[in-house]
file data_26.cif (mmCIF, C-alpha atoms)
data_entry
#
loop_
_atom_site.label_atom_id
_atom_site.label_comp_id
_atom_site.auth_asym_id
_atom_site.auth_seq_id
_atom_site.Cartn_x
_atom_site.Cartn_y
_atom_site.Cartn_z
CA MET A 1483 171.19 -172.99 130.32
CA ARG A 1484 174.41 -172.10 132.10
CA ILE A 1485 175.50 -168.45 132.15
CA LEU A 1486 178.93 -167.27 133.24
CA ALA A 1487 178.96 -163.81 134.85
CA ALA A 1488 182.61 -162.94 134.27
CA GLY A 1489 182.61 -159.61 136.07
CA ASP A 1490 185.28 -157.54 137.72
CA HIS A 1491 185.48 -154.97 140.51
CA PHE A 1492 183.43 -152.42 138.53
CA VAL A 1493 180.78 -154.37 136.62
CA ARG A 1494 180.47 -156.94 139.37
CA PRO A 1495 179.27 -160.49 138.81
CA SER A 1496 176.39 -159.77 141.19
CA LEU A 1497 175.23 -156.86 138.99
CA ILE A 1498 175.36 -159.07 135.90
CA ARG A 1499 173.50 -161.87 137.61
CA ALA A 1500 170.75 -159.57 138.92
CA ALA A 1501 170.28 -157.85 135.55
CA VAL A 1502 170.13 -161.13 133.59
CA SER A 1503 167.76 -162.72 136.11
CA GLN A 1504 165.40 -159.77 135.85
CA GLU A 1505 165.58 -159.81 132.04
CA LEU A 1506 164.78 -163.53 131.85
CA SER A 1507 161.91 -163.35 134.31
CA GLY A 1508 158.78 -164.60 132.58
CA THR A 1509 160.62 -166.23 129.67
CA GLY A 1510 160.59 -169.72 131.11
CA ARG A 1511 164.28 -169.25 131.90
CA GLU A 1512 163.75 -167.60 135.28
CA HIS A 1513 166.29 -169.83 136.97
CA PRO A 1514 169.26 -170.39 134.67
CA GLU A 1515 172.32 -171.93 136.21
CA PHE A 1516 174.79 -169.15 136.97
CA SER A 1517 178.49 -169.35 137.66
CA GLU A 1518 180.71 -166.40 138.49
CA LEU A 1519 184.25 -165.27 137.80
CA THR A 1520 185.73 -162.08 139.24
CA LEU A 1521 188.53 -160.59 137.16
CA PRO A 1522 191.18 -158.36 138.80
CA TRP A 1523 190.50 -155.10 136.93
CA PRO A 1524 190.66 -152.26 138.00
CA HIS A 1525 192.82 -153.29 140.93
CA GLU A 1526 195.24 -154.56 138.29
CA PRO A 1527 195.59 -152.71 134.95
CA PHE A 1528 194.09 -154.26 131.85
CA GLY A 1529 196.37 -155.03 128.95
CA PRO A 1530 196.91 -157.37 125.99
CA VAL A 1531 196.23 -161.07 126.46
CA ALA A 1532 197.43 -163.20 123.55
CA GLU A 1533 195.94 -161.56 120.44
CA VAL A 1534 193.34 -159.35 122.16
CA ARG A 1535 193.95 -155.96 123.77
CA GLU A 1536 192.51 -154.35 126.88
CA ALA A 1537 191.63 -157.56 128.71
CA SER A 1538 191.87 -158.72 132.32
CA GLY A 1539 192.56 -162.16 133.69
CA THR A 1540 194.03 -165.21 131.99
CA GLU A 1541 192.96 -167.60 129.27
CA ASP A 1542 193.35 -170.56 131.61
CA GLU A 1543 190.98 -169.28 134.29
CA LEU A 1544 188.42 -168.23 131.68
CA VAL A 1545 188.48 -171.62 129.93
CA GLU A 1546 187.97 -173.35 133.28
CA ALA A 1547 185.10 -171.03 134.25
CA LEU A 1548 183.39 -171.47 130.86
CA ASP A 1549 183.12 -175.23 131.17
CA GLY A 1550 179.54 -176.03 130.08
CA ALA A 1551 178.47 -172.37 129.74
CA SER A 1552 176.49 -171.37 126.66
CA VAL A 1553 176.44 -167.64 127.49
CA CYS A 1554 179.04 -165.35 129.03
CA VAL A 1555 178.47 -161.76 130.10
CA THR A 1556 181.69 -159.89 130.72
CA GLN A 1557 183.48 -156.58 130.46
CA MET A 1558 187.13 -157.60 130.39
CA ALA A 1559 187.55 -161.37 130.01
CA PRO A 1560 190.08 -162.33 127.28
CA PHE A 1561 188.17 -164.14 124.54
CA THR A 1562 190.95 -165.41 122.33
CA GLU A 1563 191.17 -168.11 119.66
CA ARG A 1564 192.35 -170.53 122.32
CA VAL A 1565 189.38 -169.74 124.59
CA PHE A 1566 186.82 -170.16 121.80
CA ALA A 1567 188.40 -173.40 120.64
CA ALA A 1568 188.21 -174.84 124.16
CA SER A 1569 184.66 -173.67 124.97
CA HIS A 1570 182.47 -175.98 122.92
CA ALA A 1571 179.15 -175.09 124.58
CA LEU A 1572 179.56 -171.34 124.15
CA ARG A 1573 176.98 -169.60 121.93
CA LEU A 1574 177.01 -165.92 123.02
CA VAL A 1575 179.52 -163.50 124.52
CA ALA A 1576 177.81 -160.31 125.69
CA VAL A 1577 180.46 -157.64 126.31
CA SER A 1578 179.38 -154.85 128.64
CA ARG A 1579 181.53 -152.10 127.13
CA GLY A 1580 181.35 -149.73 124.18
CA GLY A 1581 183.43 -151.98 121.92
CA PRO A 1582 184.43 -155.67 122.20
CA VAL A 1583 188.20 -155.00 122.22
CA ASN A 1584 188.73 -157.96 124.56
CA VAL A 1585 187.34 -160.36 121.95
CA ASP A 1586 188.98 -161.86 118.88
CA LEU A 1587 185.97 -161.31 116.62
CA ALA A 1588 187.41 -163.33 113.76
CA ALA A 1589 187.89 -166.30 116.09
CA ALA A 1590 184.38 -165.89 117.48
CA THR A 1591 182.97 -165.94 113.95
CA ARG A 1592 185.01 -169.01 112.98
CA HIS A 1593 183.66 -170.84 116.00
CA GLY A 1594 180.07 -169.69 115.43
CA VAL A 1595 179.80 -167.58 118.59
CA ARG A 1596 177.78 -164.38 118.55
CA VAL A 1597 179.39 -161.34 120.20
CA SER A 1598 177.40 -158.33 121.34
CA PHE A 1599 178.53 -155.11 122.99
CA ALA A 1600 177.04 -152.18 124.94
CA PRO A 1601 177.24 -148.88 123.05
CA GLY A 1602 176.41 -145.78 125.06
CA ARG A 1603 176.76 -147.45 128.44
CA ASN A 1604 179.08 -144.72 129.76
CA ALA A 1605 178.01 -141.80 127.58
CA PRO A 1606 176.45 -139.66 130.35
CA ALA A 1607 179.36 -140.28 132.71
CA ALA A 1608 182.03 -139.61 130.09
CA ALA A 1609 180.30 -136.46 128.89
CA GLU A 1610 180.00 -135.04 132.40
CA PHE A 1611 183.64 -135.86 133.09
CA ALA A 1612 184.78 -134.11 129.91
CA VAL A 1613 182.88 -130.98 130.93
CA GLY A 1614 184.51 -131.17 134.36
CA LEU A 1615 187.96 -131.37 132.78
CA MET A 1616 187.19 -128.35 130.59
CA LEU A 1617 186.19 -126.25 133.58
CA ALA A 1618 189.13 -127.43 135.69
CA ALA A 1619 191.60 -126.62 132.92
CA MET A 1620 190.10 -123.24 132.00
CA ARG A 1621 189.88 -122.04 135.60
CA ARG A 1622 193.01 -123.75 137.01
CA ILE A 1623 190.96 -125.48 139.67
CA ALA A 1624 193.36 -128.39 140.20
CA ALA A 1625 196.46 -126.18 140.37
CA ALA A 1626 194.84 -123.76 142.82
CA ASP A 1627 193.72 -126.66 145.03
CA SER A 1628 197.18 -128.21 145.03
CA GLU A 1629 198.90 -124.91 145.87
CA LEU A 1630 196.48 -124.06 148.67
CA LYS A 1631 196.98 -127.46 150.28
CA ARG A 1632 200.72 -126.74 150.26
CA GLY A 1633 200.02 -123.52 152.17
CA VAL A 1634 200.37 -121.16 149.17
CA TRP A 1635 197.59 -118.61 148.67
CA ARG A 1636 197.66 -117.92 144.92
CA GLY A 1637 195.93 -114.57 144.89
CA ASP A 1638 198.03 -113.75 141.84
CA LEU A 1639 195.80 -116.05 139.82
CA TYR A 1640 193.32 -113.18 139.87
CA ALA A 1641 195.71 -111.07 137.77
CA TYR A 1642 194.39 -110.30 134.29
CA GLU A 1643 197.21 -112.12 132.53
CA GLU A 1644 196.62 -115.25 134.66
CA VAL A 1645 192.85 -115.60 134.76
CA GLY A 1646 191.01 -118.09 132.57
CA GLY A 1647 188.00 -117.64 130.35
CA GLU A 1648 184.36 -118.63 130.45
CA LEU A 1649 182.45 -121.18 128.42
CA GLY A 1650 179.71 -118.65 127.82
CA GLY A 1651 180.49 -116.99 124.50
CA ALA A 1652 183.42 -119.33 123.78
CA THR A 1653 183.73 -121.49 120.66
CA VAL A 1654 184.02 -125.13 121.72
CA GLY A 1655 185.11 -127.75 119.18
CA LEU A 1656 184.13 -131.40 119.56
CA VAL A 1657 186.20 -133.91 117.61
CA GLY A 1658 183.77 -136.80 117.22
CA TYR A 1659 180.01 -136.46 117.51
CA GLY A 1660 178.65 -139.73 118.80
CA ALA A 1661 176.59 -140.32 121.94
CA ILE A 1662 179.14 -138.64 124.22
CA GLY A 1663 179.80 -135.69 121.94
CA ARG A 1664 176.09 -134.95 121.63
CA ILE A 1665 175.64 -134.77 125.40
CA VAL A 1666 178.69 -132.51 125.73
CA ALA A 1667 177.28 -130.27 122.99
CA ARG A 1668 173.99 -129.94 124.83
CA VAL A 1669 175.79 -128.89 128.03
CA MET A 1670 178.05 -126.47 126.17
CA ARG A 1671 175.07 -124.79 124.54
CA ALA A 1672 173.43 -124.47 127.96
CA PHE A 1673 176.54 -122.55 129.07
CA GLY A 1674 176.10 -120.28 126.07
CA ALA A 1675 179.00 -121.59 123.98
CA HIS A 1676 179.03 -121.81 120.19
CA VAL A 1677 179.67 -125.48 119.40
CA LEU A 1678 181.52 -126.86 116.38
CA ALA A 1679 181.74 -130.57 115.56
CA ALA A 1680 184.04 -132.49 113.22
CA ASP A 1681 182.91 -136.02 112.41
CA PRO A 1682 182.85 -137.45 108.86
CA TYR A 1683 180.22 -140.00 109.89
CA ALA A 1684 177.79 -137.60 111.57
CA ASP A 1685 174.40 -136.88 110.03
CA PRO A 1686 174.52 -133.19 109.01
CA GLU A 1687 170.79 -132.71 109.53
CA ALA A 1688 170.90 -134.20 113.03
CA VAL A 1689 173.92 -132.07 113.96
CA ALA A 1690 172.22 -128.92 112.72
CA ALA A 1691 169.06 -129.82 114.63
CA ASP A 1692 171.18 -129.91 117.79
CA GLY A 1693 172.24 -126.33 117.16
CA VAL A 1694 175.80 -127.41 116.35
CA GLU A 1695 177.89 -126.36 113.34
CA LEU A 1696 179.44 -129.30 111.46
CA VAL A 1697 182.84 -128.36 110.01
CA GLU A 1698 186.05 -129.92 108.77
CA LEU A 1699 188.61 -130.80 111.45
CA ASP A 1700 191.20 -128.18 110.44
CA ASP A 1701 188.53 -125.49 110.48
CA LEU A 1702 187.38 -126.59 113.93
CA LEU A 1703 190.90 -126.47 115.34
CA GLY A 1704 191.58 -123.04 113.95
CA ARG A 1705 188.39 -121.53 115.41
CA SER A 1706 188.02 -123.21 118.82
CA SER A 1707 189.33 -121.84 122.12
CA VAL A 1708 188.38 -125.17 123.74
CA VAL A 1709 188.72 -128.53 121.98
CA SER A 1710 187.48 -131.83 123.39
CA LEU A 1711 188.15 -135.24 121.79
CA HIS A 1712 185.33 -137.78 121.52
CA ALA A 1713 186.29 -139.93 118.51
CA ARG A 1714 186.79 -143.68 118.55
CA LEU A 1715 190.38 -144.85 118.11
CA THR A 1716 190.98 -146.62 114.80
CA GLU A 1717 193.91 -146.81 112.41
CA GLU A 1718 192.30 -143.87 110.63
CA THR A 1719 192.13 -141.72 113.78
CA ARG A 1720 195.43 -142.64 115.44
CA HIS A 1721 197.36 -139.40 116.05
CA LEU A 1722 194.46 -137.52 114.50
CA LEU A 1723 195.78 -134.45 116.27
CA ASP A 1724 199.41 -134.48 115.18
CA ALA A 1725 201.99 -131.67 115.30
CA ARG A 1726 200.55 -129.95 112.24
CA ARG A 1727 197.00 -129.94 113.51
CA LEU A 1728 198.00 -128.97 117.05
CA GLY A 1729 199.71 -125.98 115.47
CA LEU A 1730 196.34 -124.81 114.11
CA LEU A 1731 194.95 -124.15 117.58
CA PRO A 1732 194.60 -120.50 118.61
CA SER A 1733 197.25 -119.33 121.08
CA GLY A 1734 196.23 -120.23 124.64
CA ALA A 1735 193.60 -122.81 123.62
CA VAL A 1736 192.49 -125.52 126.04
CA LEU A 1737 192.67 -129.17 124.89
CA VAL A 1738 190.82 -132.04 126.59
CA ASN A 1739 191.18 -135.75 125.83
CA SER A 1740 188.98 -138.17 127.73
CA ALA A 1741 188.39 -140.49 124.76
CA ARG A 1742 191.49 -142.50 123.77
CA GLY A 1743 195.14 -141.60 124.24
CA GLY A 1744 196.11 -142.66 120.73
CA LEU A 1745 194.02 -139.88 119.17
CA LEU A 1746 196.63 -137.37 120.27
CA ASP A 1747 200.30 -137.15 119.33
CA HIS A 1748 201.90 -136.48 122.71
CA ALA A 1749 205.37 -135.57 121.44
CA PRO A 1750 204.68 -131.88 120.58
CA LEU A 1751 202.70 -131.19 123.77
CA PRO A 1752 205.48 -130.24 126.26
CA GLN A 1753 206.86 -127.48 124.02
CA LEU A 1754 203.39 -126.19 123.12
CA LEU A 1755 202.52 -125.89 126.81
CA ARG A 1756 205.81 -124.34 127.90
CA SER A 1757 205.62 -121.74 125.13
CA GLY A 1758 202.01 -120.87 125.94
CA ALA A 1759 200.85 -121.82 122.45
CA LEU A 1760 198.64 -124.33 124.26
CA GLY A 1761 197.09 -122.71 127.31
CA ALA A 1762 196.09 -125.86 129.20
CA LEU A 1763 195.82 -129.60 128.68
CA ALA A 1764 193.48 -132.01 130.50
CA LEU A 1765 194.02 -135.73 130.01
CA ASP A 1766 192.15 -138.77 131.27
CA VAL A 1767 193.72 -141.12 128.68
CA TYR A 1768 197.31 -141.60 127.54
CA ASP A 1769 199.48 -143.11 124.85
CA ILE A 1770 200.90 -145.46 127.52
CA GLU A 1771 198.77 -146.58 130.48
CA PRO A 1772 199.69 -146.45 133.31
CA ILE A 1773 201.97 -143.49 132.54
CA PRO A 1774 205.69 -144.22 133.06
CA ALA A 1775 207.84 -142.59 135.74
CA ASP A 1776 209.70 -140.54 133.11
CA TRP A 1777 206.51 -139.30 131.43
CA ALA A 1778 207.39 -136.17 129.46
CA LEU A 1779 204.41 -134.13 130.71
CA ARG A 1780 204.88 -134.87 134.41
CA ASP A 1781 206.54 -131.51 135.23
CA VAL A 1782 204.99 -129.37 132.50
CA PRO A 1783 202.76 -126.48 133.65
CA ASN A 1784 198.98 -126.30 133.12
CA VAL A 1785 198.42 -130.03 132.76
CA ILE A 1786 195.54 -131.79 134.53
CA THR A 1787 195.69 -135.59 134.73
CA THR A 1788 193.28 -138.28 135.88
CA PRO A 1789 193.76 -142.08 135.56
CA HIS A 1790 191.19 -143.07 132.89
CA LEU A 1791 188.14 -142.36 135.06
CA ALA A 1792 185.70 -140.70 132.66
CA GLY A 1793 183.25 -143.60 132.62
CA ALA A 1794 183.61 -144.49 136.28
CA THR A 1795 180.17 -144.09 137.83
CA ARG A 1796 177.89 -146.61 139.47
CA GLN A 1797 175.23 -145.73 136.93
CA THR A 1798 177.62 -146.80 134.15
CA ALA A 1799 178.12 -150.18 135.81
CA HIS A 1800 174.36 -150.70 136.13
CA ARG A 1801 173.71 -149.58 132.53
CA ALA A 1802 176.44 -151.90 131.26
CA ALA A 1803 174.86 -154.86 133.04
CA ALA A 1804 171.36 -153.92 131.84
CA ILE A 1805 172.34 -153.49 128.17
CA THR A 1806 174.11 -156.85 128.05
CA ALA A 1807 171.30 -158.56 129.98
CA ALA A 1808 168.84 -157.31 127.35
CA GLU A 1809 170.98 -158.94 124.67
CA VAL A 1810 170.95 -162.21 126.62
CA GLY A 1811 167.16 -161.95 126.77
CA ARG A 1812 166.93 -161.46 122.99
CA PHE A 1813 169.24 -164.43 122.46
CA VAL A 1814 167.16 -166.68 124.71
CA ARG A 1815 163.93 -165.62 122.99
CA GLY A 1816 165.43 -166.23 119.55
CA GLU A 1817 165.25 -162.56 118.61
CA LYS A 1818 167.75 -160.57 116.60
CA LEU A 1819 170.52 -159.08 118.74
CA ARG A 1820 170.48 -155.29 118.77
CA HIS A 1821 174.24 -154.81 119.17
CA LEU A 1822 175.79 -157.73 117.29
CA ALA A 1823 179.51 -157.13 116.63
CA ASN A 1824 180.08 -160.00 114.19
CA GLY A 1825 177.10 -159.91 111.87
CA ASP A 1826 178.58 -162.56 109.61
CA VAL A 1827 177.63 -165.16 112.23
CA VAL A 1828 174.21 -166.18 110.94
CA ASN A 1829 173.20 -169.39 112.60
CA GLY A 1830 175.89 -169.74 115.24
CA ARG A 1831 176.97 -173.07 116.61
CA SER A 1832 174.52 -175.90 116.24
#

call {"tool": "encode", "arguments": {"input": "data_26.cif", "output": "structure tokens"}}
result
Amino acid sequence: MRILAAGDHFVRPSLIRAAVSQELSGTGREHPEFSELTLPWPHEPFGPVAEVREASGTEDELVEALDGASVCVTQMAPFTERVFAASHALRLVAVSRGGPVNVDLAAATRHGVRVSFAPGRNAPAAAEFAVGLMLAAMRRIAAADSELKRGVWRGDLYAYEEVGGELGGATVGLVGYGAIGRIVARVMRAFGAHVLAADPYADPEAVAADGVELVELDDLLGRSSVVSLHARLTEETRHLLDARRLGLLPSGAVLVNSARGGLLDHAPLPQLLRSGALGALALDVYDIEPIPADWALRDVPNVITTPHLAGATRQTAHRAAAITAAEVGRFVRGEKLRHLANGDVVNGRS
């Protein structure tokens, strides 16, 4: 068996190789033939490649690297119709991210290739980062740091009209209640916050057991002094928070988006911030990435920005490799894949 570890500069090929080797130990496949490909992300931004989005590298280099490989473990490689058509030995693509957005699933199914993914791989990291953004936005940590480094002592930020609030006693609304949202909720409750969640797919009994109140989205927005987005981006959720819904937020509310930029309509944000209707905004994701030079929020007050870093921990990289390696192990042993993305592939390629 030949396995291609198509890593990058985050989930490195060496991590993939070590995780798969450990998983296959004792299966009779202890020494599969490995080959490696290192894709340029994150040193170069990901983007669309042919019909897939959020990929890194080229179809040509991937086709060449896949020659004779029956399994590929990757985070960012562009698995397009052309790649599947040219890779006749390929049986499994194990994607080490929360969703296989770099894979043309319809093409994979047509060519009989199973595709798995790695849900929850960055949940702890993304949850911690979201909490950090909340605190930074509420307490103006980034602005105070920047001013002090410029030689300005902002003692005026202690004035009553300038100071922020506390999470203890606040109502925090979570839009989306999956793995990340649940961790954030647990931390918020430890701070002493009352937590609301809006998620049409959440199990009401499980949410209640977490000590969280499940409500409709409009109700959440109207009651929350802090709102954090944790939904997956789909056609249904694109611009989920539009001008109307942003207008429901209490005056001075804090809004955090570390999920996907498309969940939020960015057009109303500059005016909401300048008027004080929105007290602070913390963003790790954007409608356009990287943000353009003329980005409308660049000079707007009370905005905290980070370059899509919520999941960036070494533990995330190791979990991503381990989850996908476990899927490779199941495939080799003839077991059912736990995280199969294209369930209509029954037998795969013969």

call {"tool": "closest_residue", "arguments": {"input": "data_26.cif", "among": "A:Gly1793, A:Gly1761, A:Gly1811, A:Gly1646", "to": "A:Glu1610", "atoms": "all atoms listed in the file"}}
result
A:Gly1793

call {"tool": "resolve_selection", "arguments": {"input": "data_26.cif", "expression": "the PyMOL selection byres ((chain A and resi 1625-1641) around 12)", "output": "list in words"}}
result
Ala1618, Ala1619, Met1620, Arg1621, Arg1622, Ile1623, Ala1624, Tyr1642, Glu1643, Glu1644, Val1645, Gly1646, Gly1647, Ala1762, Ala1764, Pro1783, Asn1784, Val1785, Ile1786 and Thr1787 of chain A

call {"tool": "resolve_selection", "arguments": {"input": "data_26.cif", "expression": "the PyMOL selection byres ((chain A and resi 1799) around 10)", "output": "PyMOL selection string"}}
result
chain A and resi 1491-1494+1497-1498+1557+1578-1579+1603-1604+1793-1798+1800-1804

call {"tool": "write_last_selection", "arguments": {"input": "data_26.cif", "atoms": "C-alpha atoms", "output": "short mmCIF file (atom, residue, chain, number, x, y, z; two decimals), keeping the file's coordinate frame"}}
result
data_model
loop_
_atom_site.label_atom_id
_atom_site.label_comp_id
_atom_site.auth_asym_id
_atom_site.auth_seq_id
_atom_site.Cartn_x
_atom_site.Cartn_y
_atom_site.Cartn_z
CA HIS A 1491 185.48 -154.97 140.51
CA PHE A 1492 183.43 -152.42 138.53
CA VAL A 1493 180.78 -154.37 136.62
CA ARG A 1494 180.47 -156.94 139.37
CA LEU A 1497 175.23 -156.86 138.99
CA ILE A 1498 175.36 -159.07 135.90
CA GLN A 1557 183.48 -156.58 130.46
CA SER A 1578 179.38 -154.85 128.64
CA ARG A 1579 181.53 -152.10 127.13
CA ARG A 1603 176.76 -147.45 128.44
CA ASN A 1604 179.08 -144.72 129.76
CA GLY A 1793 183.25 -143.60 132.62
CA ALA A 1794 183.61 -144.49 136.28
CA THR A 1795 180.17 -144.09 137.83
CA ARG A 1796 177.89 -146.61 139.47
CA GLN A 1797 175.23 -145.73 136.93
CA THR A 1798 177.62 -146.80 134.15
CA HIS A 1800 174.36 -150.70 136.13
CA ARG A 1801 173.71 -149.58 132.53
CA ALA A 1802 176.44 -151.90 131.26
CA ALA A 1803 174.86 -154.86 133.04
CA ALA A 1804 171.36 -153.92 131.84
#

call {"tool": "resolve_selection", "arguments": {"input": "data_26.cif", "expression": "the PyMOL selection byres ((chain A and resi 1812) around 12)", "output": "MDAnalysis selection string"}}
result
chainID A and resid 1502 1505:1506 1509 1574 1576 1598 1805:1811 1813:1822

call {"tool": "residues_around", "arguments": {"input": "data_26.cif", "residues": "stretch 1709-1724 of chain A", "least_positions_apart": "5", "cutoff": "6 Å", "atoms": "all atoms listed in the file", "output": "ChimeraX atom specification"}}
result
/A:1654-1658,1663,1737-1739,1741,1744-1747

call {"tool": "axis_aligned_box", "arguments": {"input": "data_26.cif", "around": "stretch 1596-1603 of chain A", "padding_each_side": "3 Å", "output": "JSON"}}
result
{"center_x": 177.9, "center_y": -155.1, "center_z": 123.5, "size_x": 9.0, "size_y": 24.6, "size_z": 15.9}

call {"tool": "residues_around", "arguments": {"input": "data_26.cif", "residues": "A:Gly1581", "least_positions_apart": "3", "cutoff": "8 Å", "atoms": "all atoms listed in the file", "output": "count of residues only"}}
result
4

call {"tool": "atom_distance", "arguments": {"input": "data_26.cif", "atom1": "atom CA of A:Pro1732", "atom2": "atom CA of A:Val1708"}}
result
9.3 Å

call {"tool": "residues_around", "arguments": {"input": "data_26.cif", "residues": "A:Ala1759", "least_positions_apart": "4", "cutoff": "12 Å", "atoms": "all atoms listed in the file", "output": "list in words"}}
result
Ser1707, Leu1728, Gly1729, Leu1730, Leu1731, Pro1732, Ser1733, Gly1734, Ala1735, Val1736, Leu1737, Pro1750, Leu1751, Pro1752, Gln1753, Leu1754, Leu1755, Leu1763 and Asn1784 of chain A

call {"tool": "closest_residue", "arguments": {"input": "data_26.cif", "among": "A:His1593, A:Arg1727, A:His1790, A:His1525", "to": "A:Glu1698", "atoms": "only C-alpha atoms"}}
result
A:Arg1727

call {"tool": "atom_distance", "arguments": {"input": "data_26.cif", "atom1": "atom CA of A:Thr1653", "atom2": "atom CA of A:Asp1769"}}
result
27.1 Å

call {"tool": "residues_around", "arguments": {"input": "data_26.cif", "residues": "A:Gly1529", "least_positions_apart": "4", "cutoff": "10 Å", "atoms": "only C-alpha atoms", "output": "ChimeraX atom specification"}}
result
/A:1523,1534-1539,1558,1560,1584,1771

call {"tool": "atom_distance", "arguments": {"input": "data_26.cif", "atom1": "atom CA of A:Arg1499", "atom2": "atom CA of A:Ser1517"}}
result
9.0 Å

call {"tool": "closest_residue", "arguments": {"input": "data_26.cif", "among": "A:Ala1661, A:Val1585, A:Val1827, A:Leu1765", "to": "A:Pro1530", "atoms": "only C-alpha atoms"}}
result
A:Val1585
